[in-house]
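Enquirer: Below is the structure I would like to discuss, written out as C-alpha cells.
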Amino acid sequence: MMMKNKKNLLRLLLVFVCLVNLNSYAQDVDLETIYKPNFKVTGGVNANTIFYNSNQQSSREPFTYLLSGNVNVSAFSFNIPVFFSITNQGNNLGYTAPFDFNRLCIMPKYKWVKAYIGNVSMTFSPYTLSGFPFKGVGLELTPRSPFKISLMGGQLLKAVNEDEGFGSIPVYERFGYGTKIGFEKEKYKIGWIGFYAKDNEKSLGFVSNKSGVTPKENWVNSLTFGTSLMKDLNFNVEYALSVLTDDTRAQTLSGRNIRDRIFSTKESTSYLNAVNVNLDYAIQKSLFGLTYERIDPNYNTLGAMYFNNDLENIALRFSRPFYKEKINFSASLGYQHDDLDAEKKQNSKRVVGSVNMNYKITDQLNFTGSYSNFSTYTNKKLDQFELINNPNVVASDTLNYKQLSQNANFNITYAFGKKKNQNLNFNYSIAGQANEQGGIIRKGQASTVQNYNLGHTINFLGIKTALNSSLNYTNNQVSQFSNSSLGASVGASKKLLKEKMNANFGLLYNNTQSNLNSSSVFGIKLNNSYTLLEKHNFTLGLISMFRSSTDKPGNNDTMLNFNYGYSF
C-alpha cells in the first residue's frame with residue numbers, strides 16, 4: 001500500500017511539472033545549435049597515494065589511495081558532468097559503515113533542467129533536507145517561469161547488522177523522498193518543502209533491546225516566504241514542522257484529531273517546530289539586520305546530520321564602511337536561551353557580542369582586528385520537594401553560574417621592498433574563559449590562551465626564489481596548570497625548468513614546557529610539483545616528524561605522498 005502511494009505521488013508530481021512547463025514563458029530557440037552538435041569532452045582525473053610509516057603502533061593504514069575525477073560531456077544544449085571517487089579507505093575499519101566510500105555521481109543538465117544520479121546530495125533548507133548524502137536520483141527545474149521545482153529520492157542509509165556495526169550499533173536501511181516547490185516574483189517569493197523518510201523494519205533480521213536502535217519515520221513540511229516590497233528592506237521567514245516517529249512498531253493512536261489521522265500518529269510520534277525570521281534594512285551604506293530563531297527541544301529530521309535544538313535566539317547586526325571606505329566595521333549582539341519547555345533541572349542563557357574591523361591604512365599597511373564576548377548563565381533549579389525534605393541542601397546548590405568567554409585577535413600586514421617583494425605579518429590572539437559562581441571567580445576556575453606569531457616572506461624575482469620564516473610562541477594558563485610552547489620554521493621555494501617545476505623545502509622545530517613534562521618536535525618537509533605539456537601534473541611530497549618527550553618514548557613517523565593529475 002505504501003509503495004502504491006509513493007508511485008501515485010511521483011506521478012502527480014510529474015503531471016504538475018508538465019503543467020508548469022506548459023505555462024512557463026517561451027524559451028529562446030537557437031536554431032544554429034540544432035544543426036551544430038558542438039560535441040566536447042572535458043574534465044580531469046586525479047590519483048593520490050599515501051605511504052605511512054611509524055616506529056609506534058598506529059591505527060593509520062600504511063598505504064591508502066584515492067582515485068577521483070570529473071568528466072563533462074557537452075553536445076547541442078546538453079551538459080552531462082560525471083564525478084567519481086574510488087578509495088581503499090575504510091576497508092580495514094573493523095566495522096561496516098552505513099554509506100559508500102566509493103562514489104559515482106552523474107549530473108546531466110539541459111538548459112534549465114538538471115538531474116542528480118548516483119551518490120549525490122541536495123539541500124532544500126536547514127530544517128528539512130540539508131546536504132544529507134544519498135544514493136538515488138534528484139531533479140532541479142528552474143525555468144524562466146515563476147515556478148522552481150526540486151525533487152529527490154533514494155537510499156539515505158544502508159543496513160548494517162549489529163555484529164558488523166561500529167560499537168555493535170545496528171543501522172536500519174533508510175529511504176527518503178523530497179519535494180521543493182517555489183513561486184518567485186520580483187518583489188516576493190513563497191515556497192513549500194516536503195520531505196519523507198522511513199526505515200525498513202525488515203532490513204535487519206535481529207536487533208537486541210540493549211542497542212536502543214528503533215526503526216524511525218519522519219514527515220517534514222516547511223513553508224518559506226520572502227519579500228522586498230519596501231525599498232532596501234528584505235524580509236525572509238521559514239516555518240518547519242517535523243513529525244518524527246521514534247519507533248514505527250509502536251501502536252497507532254485512534255480517535256484523535258485530523259492532524260493525527262493525516263500522519264498516522266503513533267505512541268512514539270512527536271510534533272516538533274522550527275522557525276527562522278530574518279530582516280535586513282539598508283540605509284545608504286549602513287546595513288541593519290535582525291534574526292529570530294526558535295527550535296523546539298529534540299527537533300530533528302532524518303534529512304540532516306545534526307541539529308542544534310531547544311533554543312531561542314535573537315540577534316542584531318550592523319555593518320558600515322567608514323573613512324572613505326578604508327575602514328570596514330561590523331558588529332553583532334545576540335541573546336540565546338534553552339529549556340523552552342521548562343523541563344530541565346538547569347537552564348542556560350547566553351549573551352553573544354562581536355566586533356570586527358578592517359583598516360587599510362596605506363597600500364602597504366593593513367590592520368585587522370576582532371573581539372567577541374560570550375557569557376553563559378546557568379541556573380540550577382531544585383525541585384521544591386527536594387528543598388523541603390533534604391536538610392543537606394546548601395546555598396551553593398541553588399546558585400546561578402556564569403561562564404565568561406572572551407576572544408580577541410589582531411593582525412598587521414606590511415608589504416615593502418622593491419615591487420613589494422617582502423611581506424611582514426604579525427598576529428596576536430588571546431582567548432580567556434572563567435567560571436563565576438555567586439559573583440566570585442575562584443582560583444582554578446579561569447584559563448587564558450595567548451598566541452604570538454611573526455612571519456616574514458621575501459621573493460627574489462630575478463632568480464625566481466622565495467624564502468620564508470616564522471616565529472611562534474604560545475602560553476596556556478588552564479586552571480592551575482600552565483604550559484608554553486616556542487617554535488620556529490624556515491623554508492625555501494624555487495621555480496625550475498622554465499617554471500614547470502616548483503621545489504619546496506622546509507624545517508620546523510617546536511618545544512613545549514609544562515608543569516609535568518616537556519616535549520619537542522622536529523620536522524622536515526619536501527614538496528615538488530612538475531607540470532608536463534600543460535595537462536599532466538606530478539606532485540611528490542615528504543613529511544618526516546621526530547617527536548620526543550620526557551615521559552614517553554620517542555616517536556618518529558614519515559608520510560610520503562604522490563599525486564598525479566591529468567586534465568583534458
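Scheme for the C-alpha cells: letters A, B, ... for chains in order shown; per-chain residue numbers from 1; ligand numbers from 1 in order shown.
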Any idea what's packed within 12 Å of segment 524-535 of chain A, counting only C-alpha atoms, ignoring anything in its chain fewer than 2 positions away? Could you give it as a VMD selection string?
Expert: chain A and resid 42 to 46 489 to 509 521 to 522 537 to 547 556 to 568
Enquirer: So which residues touch segment 149-153 of chain A within 7 Å, counting only C-alpha atoms, skipping near sequence neighbours fewer than 6 positions away, as a PyMOL selection string?
Expert: chain A and resi 136-142+176-182
Enquirer: For the selection just defined, write its residues with N, CA, C and O atoms to a file, as a compact mmCIF listing (two decimals), in the first residue's frame.
Expert:
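Listed below is the output, out_25.txt:
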# COMPACT_ATOMS: atom_id res chain seq x y z
N GLY A 136 20.68 7.71 -5.16
CA GLY A 136 19.41 7.74 -5.85
C GLY A 136 19.42 8.75 -6.97
O GLY A 136 20.42 8.93 -7.67
N VAL A 137 18.30 9.47 -7.12
CA VAL A 137 18.16 10.44 -8.19
C VAL A 137 17.56 11.73 -7.64
O VAL A 137 16.85 11.74 -6.63
N GLY A 138 17.86 12.83 -8.31
CA GLY A 138 17.30 14.12 -7.98
C GLY A 138 17.08 14.93 -9.24
O GLY A 138 17.67 14.65 -10.29
N LEU A 139 16.24 15.95 -9.14
CA LEU A 139 15.91 16.76 -10.30
C LEU A 139 15.67 18.19 -9.86
O LEU A 139 14.99 18.45 -8.87
N GLU A 140 16.26 19.15 -10.61
CA GLU A 140 16.03 20.57 -10.38
C GLU A 140 15.51 21.20 -11.66
O GLU A 140 16.14 21.07 -12.72
N LEU A 141 14.38 21.88 -11.55
CA LEU A 141 13.76 22.56 -12.69
C LEU A 141 13.70 24.05 -12.38
O LEU A 141 13.02 24.46 -11.44
N THR A 142 14.43 24.84 -13.16
CA THR A 142 14.49 26.29 -12.93
C THR A 142 14.14 27.03 -14.22
O THR A 142 14.98 27.72 -14.80
N GLY A 176 14.51 7.95 1.55
CA GLY A 176 13.92 9.27 1.71
C GLY A 176 13.46 9.84 0.38
O GLY A 176 14.01 9.53 -0.68
N TYR A 177 12.43 10.72 0.44
CA TYR A 177 11.86 11.35 -0.74
C TYR A 177 11.55 12.80 -0.39
O TYR A 177 11.06 13.09 0.71
N GLY A 178 11.83 13.71 -1.31
CA GLY A 178 11.61 15.12 -1.00
C GLY A 178 11.17 15.91 -2.21
O GLY A 178 11.47 15.57 -3.36
N THR A 179 10.45 17.01 -1.94
CA THR A 179 9.97 17.93 -2.98
C THR A 179 10.11 19.35 -2.46
O THR A 179 9.80 19.64 -1.30
N LYS A 180 10.59 20.22 -3.34
CA LYS A 180 10.67 21.65 -3.03
C LYS A 180 10.04 22.41 -4.19
O LYS A 180 10.47 22.30 -5.34
N ILE A 181 9.01 23.19 -3.89
CA ILE A 181 8.30 23.96 -4.90
C ILE A 181 8.34 25.43 -4.49
O ILE A 181 7.98 25.79 -3.36
N GLY A 182 8.77 26.27 -5.41
CA GLY A 182 8.84 27.70 -5.13
C GLY A 182 8.16 28.51 -6.22
O GLY A 182 8.13 28.12 -7.39
Enquirer: From the options A:Glu61, A:Asp341, A:Asp163, A:Glu325, which residue's atoms come nearest to Ile295 of chain A, counting only C-alpha atoms?
Expert: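 For Ile295 of chain A, the nearest of the given residues is A:Asp341.
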Enquirer: Determine the nearest neighbour of Lys419 of chain A from the options A:Arg350, A:Asn459, A:Pro553, A:Asn72, counting only C-alpha atoms.
Expert: A:Asn459
Enquirer: Just want the 9 Å neighbourhood of segment 207-222 of chain A, counted on only C-alpha atoms, with same-chain residues fewer than 2 positions away dropped. Output as a PyMOL selection string.
Expert: chain A and resi 125+127-129+161-162+168-174+191-201+204-205+224+238-249+263+269+301-303
Enquirer: Enumerate as an MDAnalysis selection string all residues of segment 99-184 of chain A assigned to strand (DSSP E or B) by DSSP on the backbone, naming them with the chain letters and numbers the document uses.
Expert: chainID A and resid 103:106 109:110 113:123 130:141 147:157 160 171 173:184
Enquirer: Name all residues at most 9 Å from Asn102 of chain A (count only C-alpha atoms; drop same-chain ones fewer than 2 positions away) and give them as a list of chain:residue names.
Expert: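 What passes the distance filter is A:Phe84, A:Ser85, A:Ile86, A:Thr87, A:Asn88, A:Asp100, A:Leu104, A:Asn119.
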Enquirer: If we count only C-alpha atoms, what is near Asp296 of chain A at a cut-off of 8 Å, once residues fewer than 5 positions away on the same chain are taken out, given as a CSV table (one decimal) with N, CA, C and O atoms, in the first residue's frame?
Expert:
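Done, and the output landed in out.csv:
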chain,number,residue,atom,x,y,z
A,272,LEU,N,7.3,18.6,16.2
A,272,LEU,CA,8.4,19.5,16.5
A,272,LEU,C,8.4,20.7,15.5
A,272,LEU,O,8.2,20.5,14.3
A,273,ASN,N,8.7,21.8,16.1
A,273,ASN,CA,8.6,23.1,15.3
A,273,ASN,C,9.9,23.8,15.2
A,273,ASN,O,10.7,23.8,16.2
A,274,ALA,N,10.1,24.5,14.1
A,274,ALA,CA,11.3,25.4,14.0
A,274,ALA,C,10.9,26.6,13.2
A,274,ALA,O,10.2,26.5,12.2
A,309,ASN,N,19.1,22.2,18.9
A,309,ASN,CA,17.7,22.3,19.2
A,309,ASN,C,17.5,22.8,20.6
A,309,ASN,O,18.5,23.0,21.4
A,310,ASP,N,16.3,23.0,21.0
A,310,ASP,CA,15.9,23.5,22.3
A,310,ASP,C,16.6,24.9,22.6
A,310,ASP,O,17.4,25.1,23.5
A,311,LEU,N,16.4,25.8,21.7
A,311,LEU,CA,17.0,27.1,21.8
A,311,LEU,C,16.1,28.2,21.2
A,311,LEU,O,15.3,27.9,20.3
A,340,LEU,N,13.2,25.5,26.7
A,340,LEU,CA,12.0,26.2,26.2
A,340,LEU,C,10.7,25.6,26.9
A,340,LEU,O,9.7,26.3,27.0
